[in-house]
file entry28.pdb (PDB, C-alpha atoms and all ligand atoms)
MODEL        1
ATOM      1  CA  MET U 182     -10.599  21.468 -12.080
ATOM      2  CA  ASN U 183     -12.100  22.051  -8.679
ATOM      3  CA  PHE U 184     -12.858  19.120  -6.474
ATOM      4  CA  GLN U 185     -16.618  18.756  -6.170
ATOM      5  CA  GLY U 186     -16.592  17.454  -2.640
ATOM      6  CA  GLY U 187     -18.355  20.288  -0.848
ATOM      7  CA  ALA U 188     -16.401  22.554   1.446
ATOM      8  CA  GLY U 189     -16.376  20.391   4.539
ATOM      9  CA  ALA U 190     -16.792  16.919   3.026
ATOM     10  CA  PRO U 191     -14.157  14.579   4.438
ATOM     11  CA  PHE U 192     -12.108  12.481   2.030
ATOM     12  CA  LEU U 193      -9.132  10.179   1.884
ATOM     13  CA  LEU U 194      -6.586   9.177  -0.769
ATOM     14  CA  PHE U 195      -4.243   6.226  -0.671
ATOM     15  CA  HIS U 196      -1.572   4.691  -2.878
ATOM     16  CA  CYS U 197      -0.009   1.240  -3.110
ATOM     17  CA  GLY U 198       3.376   2.284  -4.447
ATOM     18  CA  THR U 199       5.000   3.147  -7.747
ATOM     19  CA  GLY U 200       4.858   0.219 -10.133
ATOM     20  CA  SER U 201       1.897  -1.438  -8.404
ATOM     21  CA  ARG U 202      -0.822  -2.901 -10.660
ATOM     22  CA  LEU U 203      -4.510  -3.240 -10.062
ATOM     23  CA  THR U 204      -4.720  -7.040 -10.032
ATOM     24  CA  PRO U 205      -8.128  -8.667  -9.480
ATOM     25  CA  ALA U 206      -7.060  -9.534  -5.920
ATOM     26  CA  ALA U 207      -6.008  -5.928  -5.230
ATOM     27  CA  LYS U 208      -9.208  -4.575  -6.763
ATOM     28  CA  ASP U 209     -11.421  -6.800  -4.584
ATOM     29  CA  PHE U 210      -9.422  -6.084  -1.487
ATOM     30  CA  LEU U 211      -9.419  -2.304  -2.013
ATOM     31  CA  ALA U 212     -13.170  -2.182  -2.697
ATOM     32  CA  GLY U 213     -13.772  -3.976   0.607
ATOM     33  CA  MET U 214     -11.315  -1.748   2.413
ATOM     34  CA  MET U 215     -12.974   1.453   1.228
ATOM     35  CA  ALA U 216     -16.441   0.175   2.155
ATOM     36  CA  GLU U 217     -15.100  -0.660   5.608
ATOM     37  CA  ILE U 218     -13.448   2.739   6.144
ATOM     38  CA  GLU U 219     -16.245   4.940   4.764
ATOM     39  CA  PRO U 220     -18.405   4.908   7.929
ATOM     40  CA  TYR U 221     -15.451   6.030  10.054
ATOM     41  CA  LEU U 222     -14.769   8.854   7.594
ATOM     42  CA  LEU U 223     -18.380  10.007   7.678
ATOM     43  CA  GLU U 224     -18.782   9.625  11.427
ATOM     44  CA  GLY U 225     -16.008  12.169  11.891
ATOM     45  CA  GLU U 226     -13.027  10.085  12.939
ATOM     46  CA  GLY U 227      -9.864  12.223  13.104
ATOM     47  CA  ALA U 228      -7.506  12.501  10.142
ATOM     48  CA  LEU U 229      -4.570  10.694  11.729
ATOM     49  CA  GLU U 230      -6.729   7.825  13.013
ATOM     50  CA  LEU U 231      -8.248   7.425   9.539
ATOM     51  CA  ALA U 232      -4.870   7.434   7.810
ATOM     52  CA  VAL U 233      -3.565   4.858  10.286
ATOM     53  CA  ARG U 234      -6.719   2.765   9.814
ATOM     54  CA  CYS U 235      -6.255   2.753   6.048
ATOM     55  CA  VAL U 236      -2.516   1.995   6.074
ATOM     56  CA  ASP U 237      -3.043  -0.696   8.710
ATOM     57  CA  ARG U 238      -5.521  -2.475   6.394
ATOM     58  CA  LEU U 239      -3.093  -2.191   3.464
ATOM     59  CA  GLU U 240      -0.256  -3.567   5.621
ATOM     60  CA  ASP U 241      -2.401  -6.405   6.891
ATOM     61  CA  SER U 242      -3.518  -7.482   3.394
ATOM     62  CA  GLY U 243      -0.098  -8.945   2.579
ATOM     63  CA  LEU U 244      -0.636  -7.745  -0.998
ATOM     64  CA  PHE U 245       1.868  -4.892  -0.886
ATOM     65  CA  ASN U 246       5.460  -4.230   0.104
ATOM     66  CA  ALA U 247       4.587  -3.149   3.619
ATOM     67  CA  GLY U 248       3.368  -4.853   6.765
ATOM     68  CA  LYS U 249       2.773  -8.574   6.194
ATOM     69  CA  GLY U 250       3.969  -8.328   2.579
ATOM     70  CA  ALA U 251       7.220  -6.453   3.257
ATOM     71  CA  ILE U 252      10.291  -7.660   1.369
ATOM     72  CA  SER U 253      13.524  -8.504   3.143
ATOM     73  CA  GLN U 254      16.823  -6.685   3.009
ATOM     74  CA  SER U 255      19.784  -8.390   1.329
ATOM     75  CA  ASP U 256      20.640 -10.366   4.492
ATOM     76  CA  GLY U 257      17.194 -11.961   4.499
ATOM     77  CA  VAL U 258      15.848  -9.934   7.397
ATOM     78  CA  VAL U 259      12.661  -7.899   7.055
ATOM     79  CA  ARG U 260      13.128  -4.400   8.480
ATOM     80  CA  ARG U 261      10.218  -2.054   8.027
ATOM     81  CA  ASP U 262      10.003   1.732   7.869
ATOM     82  CA  ALA U 263       6.962   3.949   8.449
ATOM     83  CA  GLY U 264       5.995   7.437   9.464
ATOM     84  CA  GLY U 265       3.068   9.719  10.035
ATOM     85  CA  MET U 266       2.188  13.332  10.742
ATOM     86  CA  ASP U 267      -0.844  15.057  12.198
ATOM     87  CA  GLY U 268      -1.467  18.325  10.346
ATOM     88  CA  LYS U 269      -3.279  19.949  13.268
ATOM     89  CA  SER U 270      -1.036  19.146  16.243
ATOM     90  CA  LEU U 271       2.039  18.900  13.977
ATOM     91  CA  ASP U 272       3.074  15.785  15.892
ATOM     92  CA  ALA U 273       5.224  13.684  13.580
ATOM     93  CA  LEU U 274       7.157  10.455  13.908
ATOM     94  CA  GLY U 275       9.127   8.169  11.634
ATOM     95  CA  ILE U 276      10.396   4.761  12.721
ATOM     96  CA  SER U 277      12.888   2.802  10.696
ATOM     97  CA  GLN U 278      14.535  -0.605  10.498
ATOM     98  CA  VAL U 279      12.038  -2.235  12.835
ATOM     99  CA  ARG U 280      11.916  -6.049  12.852
ATOM    100  CA  GLY U 281       9.060  -8.300  13.791
ATOM    101  CA  ILE U 282       6.144  -5.826  13.796
ATOM    102  CA  PRO U 283       3.994  -5.775  10.648
ATOM    103  CA  SER U 284       1.548  -3.185  12.049
ATOM    104  CA  MET U 285       3.903  -0.280  11.587
ATOM    105  CA  ALA U 286       1.247   2.412  11.149
ATOM    106  CA  ARG U 287      -0.299   1.485  14.491
ATOM    107  CA  LEU U 288       3.126   1.432  16.102
ATOM    108  CA  VAL U 289       3.833   4.934  14.740
ATOM    109  CA  ALA U 290       0.525   6.145  16.157
ATOM    110  CA  SER U 291       1.186   4.624  19.558
ATOM    111  CA  LEU U 292       4.652   6.223  19.834
ATOM    112  CA  MET U 293       3.751   9.580  18.317
ATOM    113  CA  GLY U 294       3.613  12.472  20.742
ATOM    114  CA  GLN U 295       5.332  10.497  23.506
ATOM    115  CA  SER U 296       8.589  12.350  22.980
ATOM    116  CA  ALA U 297       9.754  15.457  21.151
ATOM    117  CA  HIS U 298      11.731  13.313  18.697
ATOM    118  CA  VAL U 299      10.658  12.944  15.084
ATOM    119  CA  HIS U 300      12.602   9.800  14.258
ATOM    120  CA  LEU U 301      13.502   6.627  16.119
ATOM    121  CA  SER U 302      15.298   3.654  14.620
ATOM    122  CA  GLY U 303      16.100  -0.024  14.969
ATOM    123  CA  ALA U 304      16.605  -2.006  18.130
ATOM    124  CA  MET U 305      15.471   0.740  20.474
ATOM    125  CA  VAL U 306      12.089   0.994  18.754
ATOM    126  CA  GLU U 307      11.724  -2.765  19.119
ATOM    127  CA  ARG U 308      12.568  -2.543  22.834
ATOM    128  CA  TRP U 309      10.201   0.340  23.366
ATOM    129  CA  ALA U 310       7.446  -1.521  21.534
ATOM    130  CA  GLY U 311       8.114  -4.677  23.565
ATOM    131  CA  ARG U 312       7.831  -2.737  26.802
ATOM    132  CA  HIS U 313       4.495  -1.345  25.687
ATOM    133  CA  GLY U 314       2.897  -4.662  24.983
ATOM    134  CA  TRP U 315       3.809  -5.217  21.345
ATOM    135  CA  THR U 316       4.887  -8.733  20.446
ATOM    136  CA  LEU U 317       7.875  -9.085  18.165
ATOM    137  CA  ASP U 318       7.678 -11.931  15.694
ATOM    138  CA  LEU U 319      11.348 -12.258  14.883
ATOM    139  CA  PRO U 320      12.247 -15.807  13.744
ATOM    140  CA  GLU U 321       9.155 -15.938  11.532
ATOM    141  CA  GLU U 322      10.536 -13.075   9.556
ATOM    142  CA  GLU U 323      13.987 -14.347   8.731
ATOM    143  CA  ARG U 324      13.624 -15.004   5.037
ATOM    144  CA  ASP U 325      15.727 -16.329   2.232
ATOM    145  CA  PRO U 326      17.557 -13.218   0.928
ATOM    146  CA  THR U 327      17.053 -14.353  -2.652
ATOM    147  CA  LEU U 328      13.307 -13.868  -2.202
ATOM    148  CA  CYS U 329      13.623 -10.115  -2.317
ATOM    149  CA  TRP U 330      15.671 -10.369  -5.489
ATOM    150  CA  GLU U 331      13.063 -12.532  -7.132
ATOM    151  CA  LYS U 332      10.170 -10.486  -5.933
ATOM    152  CA  SER U 333      11.780  -7.213  -6.785
ATOM    153  CA  PRO U 334      14.305  -7.482  -9.595
ATOM    154  CA  GLY U 335      14.282  -3.735 -10.205
ATOM    155  CA  LEU U 336      15.151  -0.987  -7.832
ATOM    156  CA  ALA U 337      11.753  -0.169  -6.421
ATOM    157  CA  GLY U 338       9.969  -2.582  -4.103
ATOM    158  CA  GLU U 339       6.633  -1.894  -5.796
ATOM    159  CA  GLY U 340       4.114  -1.698  -3.059
ATOM    160  CA  THR U 341       4.906   0.929  -0.462
ATOM    161  CA  VAL U 342       1.581   2.111   0.919
ATOM    162  CA  GLY U 343       0.421   5.521   2.066
ATOM    163  CA  CYS U 344      -2.622   7.598   2.851
ATOM    164  CA  VAL U 345      -3.600  11.250   3.238
ATOM    165  CA  VAL U 346      -6.836  12.413   4.828
ATOM    166  CA  ARG U 347      -8.881  15.571   5.225
ATOM    167  CA  ASP U 348     -11.328  14.832   7.996
ATOM    168  CA  ARG U 349     -14.681  16.388   8.848
ATOM    169  CA  GLN U 350     -12.960  19.137  10.827
ATOM    170  CA  ARG U 351     -10.792  19.823   7.746
ATOM    171  CA  ASP U 352      -7.732  18.609   9.604
ATOM    172  CA  LEU U 353      -5.052  16.819   7.590
ATOM    173  CA  ALA U 354      -2.819  13.807   8.178
ATOM    174  CA  ALA U 355      -0.406  11.604   6.234
ATOM    175  CA  VAL U 356       0.983   8.102   6.859
ATOM    176  CA  THR U 357       3.455   6.037   4.772
ATOM    177  CA  SER U 358       4.722   2.483   5.329
ATOM    178  CA  THR U 359       7.200   0.315   3.408
ATOM    179  CA  GLY U 360       9.459  -2.711   3.258
ATOM    180  CA  GLY U 361      11.923  -0.597   1.255
ATOM    181  CA  ILE U 362      13.450  -1.303  -2.156
ATOM    182  CA  GLY U 363      14.940  -4.420  -3.701
ATOM    183  CA  ARG U 364      18.656  -5.226  -3.252
ATOM    184  CA  MET U 365      18.997  -2.839  -0.353
ATOM    185  CA  TRP U 366      21.743  -3.168   2.188
ATOM    186  CA  PRO U 367      20.774  -4.092   5.717
ATOM    187  CA  GLY U 368      20.246  -0.817   7.534
ATOM    188  CA  ARG U 369      19.273   1.148   4.438
ATOM    189  CA  VAL U 370      16.577   3.757   5.099
ATOM    190  CA  GLY U 371      14.687   5.484   2.294
ATOM    191  CA  ASP U 372      12.303   8.433   2.227
ATOM    192  CA  SER U 373       9.214   6.709   3.649
ATOM    193  CA  PRO U 374       9.888   7.151   7.400
ATOM    194  CA  ILE U 375      11.439  10.622   7.059
ATOM    195  CA  VAL U 376       9.265  13.606   7.945
ATOM    196  CA  GLY U 377       9.270  15.900   4.918
ATOM    197  CA  GLY U 378      10.652  13.011   2.847
ATOM    198  CA  GLY U 379       8.068  10.258   2.435
ATOM    199  CA  PHE U 380       5.265  11.943   4.379
ATOM    200  CA  TYR U 381       4.209  15.382   5.539
ATOM    201  CA  ALA U 382       1.091  17.115   6.863
ATOM    202  CA  ASP U 383       0.459  20.670   7.995
ATOM    203  CA  ASN U 384      -3.077  22.082   8.016
ATOM    204  CA  GLU U 385      -1.707  25.374   6.722
ATOM    205  CA  ARG U 386       0.135  23.807   3.774
ATOM    206  CA  GLY U 387      -1.233  20.392   2.796
ATOM    207  CA  ALA U 388      -0.498  16.696   3.209
ATOM    208  CA  ILE U 389       1.429  14.168   1.134
ATOM    209  CA  SER U 390       2.526  10.545   1.026
ATOM    210  CA  MET U 391       5.351   9.715  -1.397
ATOM    211  CA  THR U 392       6.496   6.494  -3.026
ATOM    212  CA  GLY U 393       9.323   5.520  -5.368
ATOM    213  CA  VAL U 394      13.076   5.266  -5.129
ATOM    214  CA  GLY U 395      13.778   6.790  -1.736
ATOM    215  CA  GLU U 396      17.316   7.880  -2.537
ATOM    216  CA  SER U 397      16.084   9.960  -5.481
ATOM    217  CA  ILE U 398      13.112  11.382  -3.564
ATOM    218  CA  LEU U 399      15.320  12.495  -0.682
ATOM    219  CA  LYS U 400      17.913  14.066  -2.976
ATOM    220  CA  ALA U 401      15.128  16.034  -4.667
ATOM    221  CA  GLY U 402      14.062  17.462  -1.306
ATOM    222  CA  GLY U 403      11.214  15.087  -0.434
ATOM    223  CA  GLY U 404       7.451  15.430  -0.268
ATOM    224  CA  GLY U 405       7.624  18.386   2.128
ATOM    225  CA  SER U 406       9.228  20.512  -0.574
ATOM    226  CA  LEU U 407       6.571  19.558  -3.101
ATOM    227  CA  ILE U 408       3.869  20.602  -0.629
ATOM    228  CA  ALA U 409       5.664  23.931  -0.071
ATOM    229  CA  LEU U 410       5.929  24.537  -3.825
ATOM    230  CA  LEU U 411       2.230  23.750  -4.320
ATOM    231  CA  ALA U 412       1.232  25.962  -1.376
ATOM    232  CA  GLY U 413       2.921  28.931  -3.013
ATOM    233  CA  ALA U 414       1.583  28.277  -6.514
ATOM    234  CA  SER U 415      -1.308  29.853  -8.344
ATOM    235  CA  ASP U 416      -4.248  27.653  -9.394
ATOM    236  CA  GLU U 417      -3.140  27.396 -13.039
ATOM    237  CA  ASN U 418       0.388  26.353 -12.082
ATOM    238  CA  ARG U 419      -0.266  23.520  -9.649
ATOM    239  CA  ASP U 420      -0.593  20.723 -12.183
ATOM    240  CA  ARG U 421       2.599  21.806 -13.913
ATOM    241  CA  ILE U 422       4.541  22.024 -10.627
ATOM    242  CA  LEU U 423       3.372  18.570  -9.630
ATOM    243  CA  SER U 424       4.467  16.895 -12.851
ATOM    244  CA  GLU U 425       7.711  18.867 -13.050
ATOM    245  CA  PHE U 426       8.650  17.784  -9.524
ATOM    246  CA  LEU U 427       8.203  14.102 -10.369
ATOM    247  CA  ASP U 428       9.898  14.526 -13.773
ATOM    248  CA  ARG U 429      12.853  16.133 -12.076
ATOM    249  CA  ILE U 430      13.187  13.170  -9.678
ATOM    250  CA  ARG U 431      13.222  10.878 -12.706
ATOM    251  CA  THR U 432      15.573  12.798 -14.967
ATOM    252  CA  ARG U 433      17.937  14.490 -12.534
ATOM    253  CA  PHE U 434      17.932  11.956  -9.685
ATOM    254  CA  LYS U 435      17.266   8.840 -11.765
ATOM    255  CA  GLY U 436      14.332   7.417  -9.878
ATOM    256  CA  GLU U 437      10.634   6.917 -10.436
ATOM    257  CA  ALA U 438       8.318   8.474  -7.902
ATOM    258  CA  GLY U 439       4.675   9.004  -7.146
ATOM    259  CA  CYS U 440       2.467  10.590  -4.526
ATOM    260  CA  VAL U 441      -1.009  11.246  -3.255
ATOM    261  CA  GLY U 442      -1.731  14.522  -1.522
ATOM    262  CA  ILE U 443      -4.040  17.329  -0.525
ATOM    263  CA  ASP U 444      -3.021  20.899  -1.177
ATOM    264  CA  ARG U 445      -3.331  24.021   0.949
ATOM    265  CA  VAL U 446      -6.858  24.755  -0.231
ATOM    266  CA  GLY U 447      -8.025  21.172   0.292
ATOM    267  CA  ARG U 448      -7.813  19.805  -3.236
ATOM    268  CA  PRO U 449      -6.710  16.208  -3.747
ATOM    269  CA  PHE U 450      -4.014  15.167  -6.213
ATOM    270  CA  ALA U 451      -2.278  11.986  -7.277
ATOM    271  CA  SER U 452       0.614  11.621  -9.669
ATOM    272  CA  HIS U 453       3.368   9.208 -10.685
ATOM    273  CA  SER U 454       6.238   9.052 -13.127
ATOM    274  CA  SER U 455       6.108   5.249 -13.074
ATOM    275  CA  ARG U 456       3.904   3.580 -15.668
ATOM    276  CA  HIS U 457       1.557   2.374 -12.929
ATOM    277  CA  MET U 458       0.707   3.243  -9.360
ATOM    278  CA  VAL U 459      -2.410   1.908  -7.690
ATOM    279  CA  HIS U 460      -4.152   4.794  -5.992
ATOM    280  CA  GLY U 461      -7.615   5.402  -4.701
ATOM    281  CA  PHE U 462      -9.939   8.069  -3.498
ATOM    282  CA  LEU U 463     -12.779   7.793  -1.003
ATOM    283  CA  ARG U 464     -15.476  10.232  -0.020
ATOM    284  CA  GLN U 465     -19.149   9.847   0.761
ATOM    285  CA  GLY U 466     -20.739   7.607  -1.835
ATOM    286  CA  ARG U 467     -17.737   7.803  -4.110
ATOM    287  CA  HIS U 468     -14.962   5.233  -4.344
ATOM    288  CA  HIS U 469     -12.377   5.342  -7.076
ATOM    289  CA  VAL U 470      -9.363   3.083  -7.709
ATOM    290  CA  SER U 471      -6.979   3.082 -10.638
ATOM    291  CA  ASP U 472      -3.386   2.223 -11.466
ATOM    292  CA  GLN U 473      -2.989   4.937 -14.080
ATOM    293  CA  GLY U 474      -3.764   8.607 -14.485
ATOM    294  CA  SER U 475      -2.216  11.609 -12.850
ATOM    295  CA  GLY U 476      -2.947  15.133 -11.836
ATOM    296  CA  TYR U 477      -5.288  17.343  -9.899
ATOM    297  CA  GLY U 478      -9.017  16.986  -9.164
ATOM    298  CA  ASP U 479      -9.915  15.727 -12.635
ATOM    299  CA  LEU U 480      -8.792  12.244 -11.600
ATOM    300  CA  PHE U 481     -11.648  12.030  -9.195
TER     301      PHE U 481
HETATM  302  N1  LIG L 501      10.067   4.875  -1.128
HETATM  303  C1  LIG L 501      10.324   3.522  -0.693
HETATM  304  C2  LIG L 501      11.747   3.416  -0.227
HETATM  305  O1  LIG L 501      12.602   4.022  -0.842
HETATM  306  C3  LIG L 501      10.071   2.491  -1.747
HETATM  307  C4  LIG L 501       8.840   2.673  -2.597
HETATM  308  O2  LIG L 501       8.060   3.577  -2.371
HETATM  309  O3  LIG L 501       8.640   1.842  -3.513
HETATM  310  O4  LIG L 501      12.014   2.684   0.691
ENDMDL
END

call {"tool": "encode", "arguments": {"input": "entry28.pdb", "output": "structure tokens", "more": "lines below"}}
Ligand code: ASP
result
Amino acid sequence: MNFQGGAGAPFLLFHCGTGSRLTPAAKDFLAGMMAEIEPYLLEGEGALELAVRCVDRLEDSGLFNAGKGAISQSDGVVRRDAGGMDGKSLDALGISQVRGIPSMARLVASLMGQSAHVHLSGAMVERWAGRHGWTLDLPEEERDPTLCWEKSPGLAGEGTVGCVVRDRQRDLAAVTSTGGIGRMWPGRVGDSPIVGGGFYADNERGAISMTGVGESILKAGGGGSLIALLAGASDENRDRILSEFLDRIRTRFKGEAGCVGIDRVGRPFASHSSRHMVHGFLRQGRHHVSDQGSGYGDLF
């Protein structure tokens, strides 16, 4: 089904991670968040700024496994991962294993384009951030390691957040942010902060934010390969390719996964192999949130 948004109408999709449920608190929060972001979308804010704005709100809510709500690694230390890409400039940056900074999407945006590198990790990101006026809140974030086990008894952390945007200029962007998965070793990095893994955006191909078991997503080739497959597919085949990609991650690489994205011709999609994944869609006068349902335009 074709998306009825009008050729140039800007829109945004977000997800709150595989396994996430639409609790009353999440529903209220997300309704407020979309109402807050809508004016920026309509006023013509750029795609990357909008995606960062959305992920920043999700991180700040403390409701999801990212930002203020991020789980700790098995040594009790919270180390966050995030990444973003601008589909017009093709600037991209992932940062991983960063302590003491819940606003990871904003940190990605402030470092992006400052170097030719596409990934920076750990202590050096913290030092760079410190030098540029960011305050690290380290002792606050030392947590009892058992908390992450209790909060996340399964493999997935349930609550990675991500956003893709097509702005008024039809430019694309994607941002993803996470606290990782349960029972992870200190230093473990998943798909979320990897360009082409947990996020990807190229105006000529599409944009995507992934969620799920990062090891499985990376072994399957990551979100960048799904976008490439969709870009080369005929209209009738896109839905099938989308569900086959996620099915393959589940059956061959033994992990649940989900995504929100925008394809080469500007159509939104959302899909997940997990039973639930909170995801939402925002365009002028139309807000939609659900924790079930999959596929192309007909979701919206
Ligand atoms: N993909 C994230 C990771 O592997 C976790 C998730 O999305 O639930 O770190």

call {"tool": "closest_residue", "arguments": {"input": "entry28.pdb", "among": "U:Glu425, U:Glu307, U:Asp348, U:Glu230", "to": "Asn384 in chain U", "atoms": "all atoms listed in the file"}}
result
U:Asp348

call {"tool": "residues_around", "arguments": {"input": "entry28.pdb", "residues": "Leu223 in chain U", "least_positions_apart": "2", "cutoff": "8 Å", "atoms": "all atoms listed in the file", "output": "list in words"}}
result
Pro191, Glu219, Pro220, Tyr221, Gly225, Glu226, Arg349 and Gln465 of chain U

call {"tool": "closest_atom_pairs", "arguments": {"input": "entry28.pdb", "of": "chain U", "to": "ligand LIG 501 (chain L)", "cutoff": "7 Å", "atoms": "all atoms listed in the file", "output": "JSON lines"}}
result
{"residue": "U:Gly198", "atom": "CA", "partner": "L:LIG501", "partner_atom": "O2", "distance": 5.3}
{"residue": "U:Thr199", "atom": "CA", "partner": "L:LIG501", "partner_atom": "O3", "distance": 5.7}
{"residue": "U:Ala337", "atom": "CA", "partner": "L:LIG501", "partner_atom": "O3", "distance": 4.7}
{"residue": "U:Gly338", "atom": "CA", "partner": "L:LIG501", "partner_atom": "O3", "distance": 4.7}
{"residue": "U:Glu339", "atom": "CA", "partner": "L:LIG501", "partner_atom": "O3", "distance": 4.8}
{"residue": "U:Gly340", "atom": "CA", "partner": "L:LIG501", "partner_atom": "O3", "distance": 5.8}
{"residue": "U:Thr341", "atom": "CA", "partner": "L:LIG501", "partner_atom": "O2", "distance": 4.5}
{"residue": "U:Thr359", "atom": "CA", "partner": "L:LIG501", "partner_atom": "O4", "distance": 6.0}
{"residue": "U:Gly360", "atom": "CA", "partner": "L:LIG501", "partner_atom": "O4", "distance": 6.5}
{"residue": "U:Gly361", "atom": "CA", "partner": "L:LIG501", "partner_atom": "O4", "distance": 3.3}
{"residue": "U:Ile362", "atom": "CA", "partner": "L:LIG501", "partner_atom": "C3", "distance": 5.1}
{"residue": "U:Val370", "atom": "CA", "partner": "L:LIG501", "partner_atom": "O4", "distance": 6.4}
{"residue": "U:Gly371", "atom": "CA", "partner": "L:LIG501", "partner_atom": "O1", "distance": 4.0}
{"residue": "U:Asp372", "atom": "CA", "partner": "L:LIG501", "partner_atom": "N1", "distance": 5.4}
{"residue": "U:Ser373", "atom": "CA", "partner": "L:LIG501", "partner_atom": "N1", "distance": 5.2}
{"residue": "U:Gly379", "atom": "CA", "partner": "L:LIG501", "partner_atom": "N1", "distance": 6.8}
{"residue": "U:Met391", "atom": "CA", "partner": "L:LIG501", "partner_atom": "N1", "distance": 6.8}
{"residue": "U:Thr392", "atom": "CA", "partner": "L:LIG501", "partner_atom": "O2", "distance": 3.4}
{"residue": "U:Gly393", "atom": "CA", "partner": "L:LIG501", "partner_atom": "O2", "distance": 3.8}
{"residue": "U:Val394", "atom": "CA", "partner": "L:LIG501", "partner_atom": "O1", "distance": 4.5}
{"residue": "U:Gly395", "atom": "CA", "partner": "L:LIG501", "partner_atom": "O1", "distance": 3.1}
{"residue": "U:Glu396", "atom": "CA", "partner": "L:LIG501", "partner_atom": "O1", "distance": 6.3}

call {"tool": "write_last_selection", "arguments": {"input": "entry28.pdb", "atoms": "C-alpha atoms", "output": "PDB file, in the frame of the given file"}}
result
ATOM      1  CA  GLY U 198       3.376   2.284  -4.447  1.00  0.00           C
ATOM      2  CA  THR U 199       5.000   3.147  -7.747  1.00  0.00           C
ATOM      3  CA  ALA U 337      11.753  -0.169  -6.421  1.00  0.00           C
ATOM      4  CA  GLY U 338       9.969  -2.582  -4.103  1.00  0.00           C
ATOM      5  CA  GLU U 339       6.633  -1.894  -5.796  1.00  0.00           C
ATOM      6  CA  GLY U 340       4.114  -1.698  -3.059  1.00  0.00           C
ATOM      7  CA  THR U 341       4.906   0.929  -0.462  1.00  0.00           C
ATOM      8  CA  THR U 359       7.200   0.315   3.408  1.00  0.00           C
ATOM      9  CA  GLY U 360       9.459  -2.711   3.258  1.00  0.00           C
ATOM     10  CA  GLY U 361      11.923  -0.597   1.255  1.00  0.00           C
ATOM     11  CA  ILE U 362      13.450  -1.303  -2.156  1.00  0.00           C
ATOM     12  CA  VAL U 370      16.577   3.757   5.099  1.00  0.00           C
ATOM     13  CA  GLY U 371      14.687   5.484   2.294  1.00  0.00           C
ATOM     14  CA  ASP U 372      12.303   8.433   2.227  1.00  0.00           C
ATOM     15  CA  SER U 373       9.214   6.709   3.649  1.00  0.00           C
ATOM     16  CA  GLY U 379       8.068  10.258   2.435  1.00  0.00           C
ATOM     17  CA  MET U 391       5.351   9.715  -1.397  1.00  0.00           C
ATOM     18  CA  THR U 392       6.496   6.494  -3.026  1.00  0.00           C
ATOM     19  CA  GLY U 393       9.323   5.520  -5.368  1.00  0.00           C
ATOM     20  CA  VAL U 394      13.076   5.266  -5.129  1.00  0.00           C
ATOM     21  CA  GLY U 395      13.778   6.790  -1.736  1.00  0.00           C
ATOM     22  CA  GLU U 396      17.316   7.880  -2.537  1.00  0.00           C
TER      23      GLU U 396
END

call {"tool": "resolve_selection", "arguments": {"input": "entry28.pdb", "expression": "the PyMOL selection byres (((chain U and resi 304) around 12) and not hetatm)", "output": "ChimeraX atom specification"}}
result
/U:260-261,276-282,301-303,305-311,317,319,368

call {"tool": "closest_residue", "arguments": {"input": "entry28.pdb", "among": "U:Leu292, U:Ala412, U:Ile422, U:Leu274", "to": "Glu385 in chain U", "atoms": "all atoms listed in the file"}}
result
U:Ala412

call {"tool": "resolve_selection", "arguments": {"input": "entry28.pdb", "expression": "the PyMOL selection byres (((chain U and resi 212) around 12) and not hetatm)", "output": "MDAnalysis selection string"}}
result
chainID U and resid 203 205:211 213:219 238:239 460:463 467:471

call {"tool": "atom_distance", "arguments": {"input": "entry28.pdb", "atom1": "CA of Val342 in chain U", "atom2": "CA of Phe434 in chain U"}}
result
21.8 Å

call {"tool": "closest_residue", "arguments": {"input": "entry28.pdb", "among": "U:Glu417, U:Asp267, U:Glu437, U:Asp318", "to": "Ser454 in chain U", "atoms": "only C-alpha atoms"}}
result
U:Glu437

call {"tool": "atom_distance", "arguments": {"input": "entry28.pdb", "atom1": "CA of Gly377 in chain U", "atom2": "CA of Gly404 in chain U"}}
result
5.5 Å

call {"tool": "residues_around", "arguments": {"input": "entry28.pdb", "residues": "Ser270 in chain U", "least_positions_apart": "5", "cutoff": "10 Å", "atoms": "only C-alpha atoms", "output": "list in words"}}
result
Gly294, Asp352, Leu353, Ala354, Ala382, Asp383 and Asn384 of chain U

call {"tool": "atom_distance", "arguments": {"input": "entry28.pdb", "atom1": "CA of Gln350 in chain U", "atom2": "CA of Val446 in chain U"}}
result
13.8 Å

call {"tool": "resolve_selection", "arguments": {"input": "entry28.pdb", "expression": "the PyMOL selection byres (((chain U and resi 444) around 9) and not hetatm)", "output": "number ranges by chain"}}
result
U: 386-389, 408, 411-412, 442-443, 445-450

call {"tool": "write_last_selection", "arguments": {"input": "entry28.pdb", "atoms": "C-alpha atoms", "output": "compact mmCIF listing (two decimals), in the coordinates of the input"}}
result
# COMPACT_ATOMS: atom_id res chain seq x y z
CA ARG U 386 0.14 23.81 3.77
CA GLY U 387 -1.23 20.39 2.80
CA ALA U 388 -0.50 16.70 3.21
CA ILE U 389 1.43 14.17 1.13
CA ILE U 408 3.87 20.60 -0.63
CA LEU U 411 2.23 23.75 -4.32
CA ALA U 412 1.23 25.96 -1.38
CA GLY U 442 -1.73 14.52 -1.52
CA ILE U 443 -4.04 17.33 -0.52
CA ARG U 445 -3.33 24.02 0.95
CA VAL U 446 -6.86 24.76 -0.23
CA GLY U 447 -8.02 21.17 0.29
CA ARG U 448 -7.81 19.80 -3.24
CA PRO U 449 -6.71 16.21 -3.75
CA PHE U 450 -4.01 15.17 -6.21
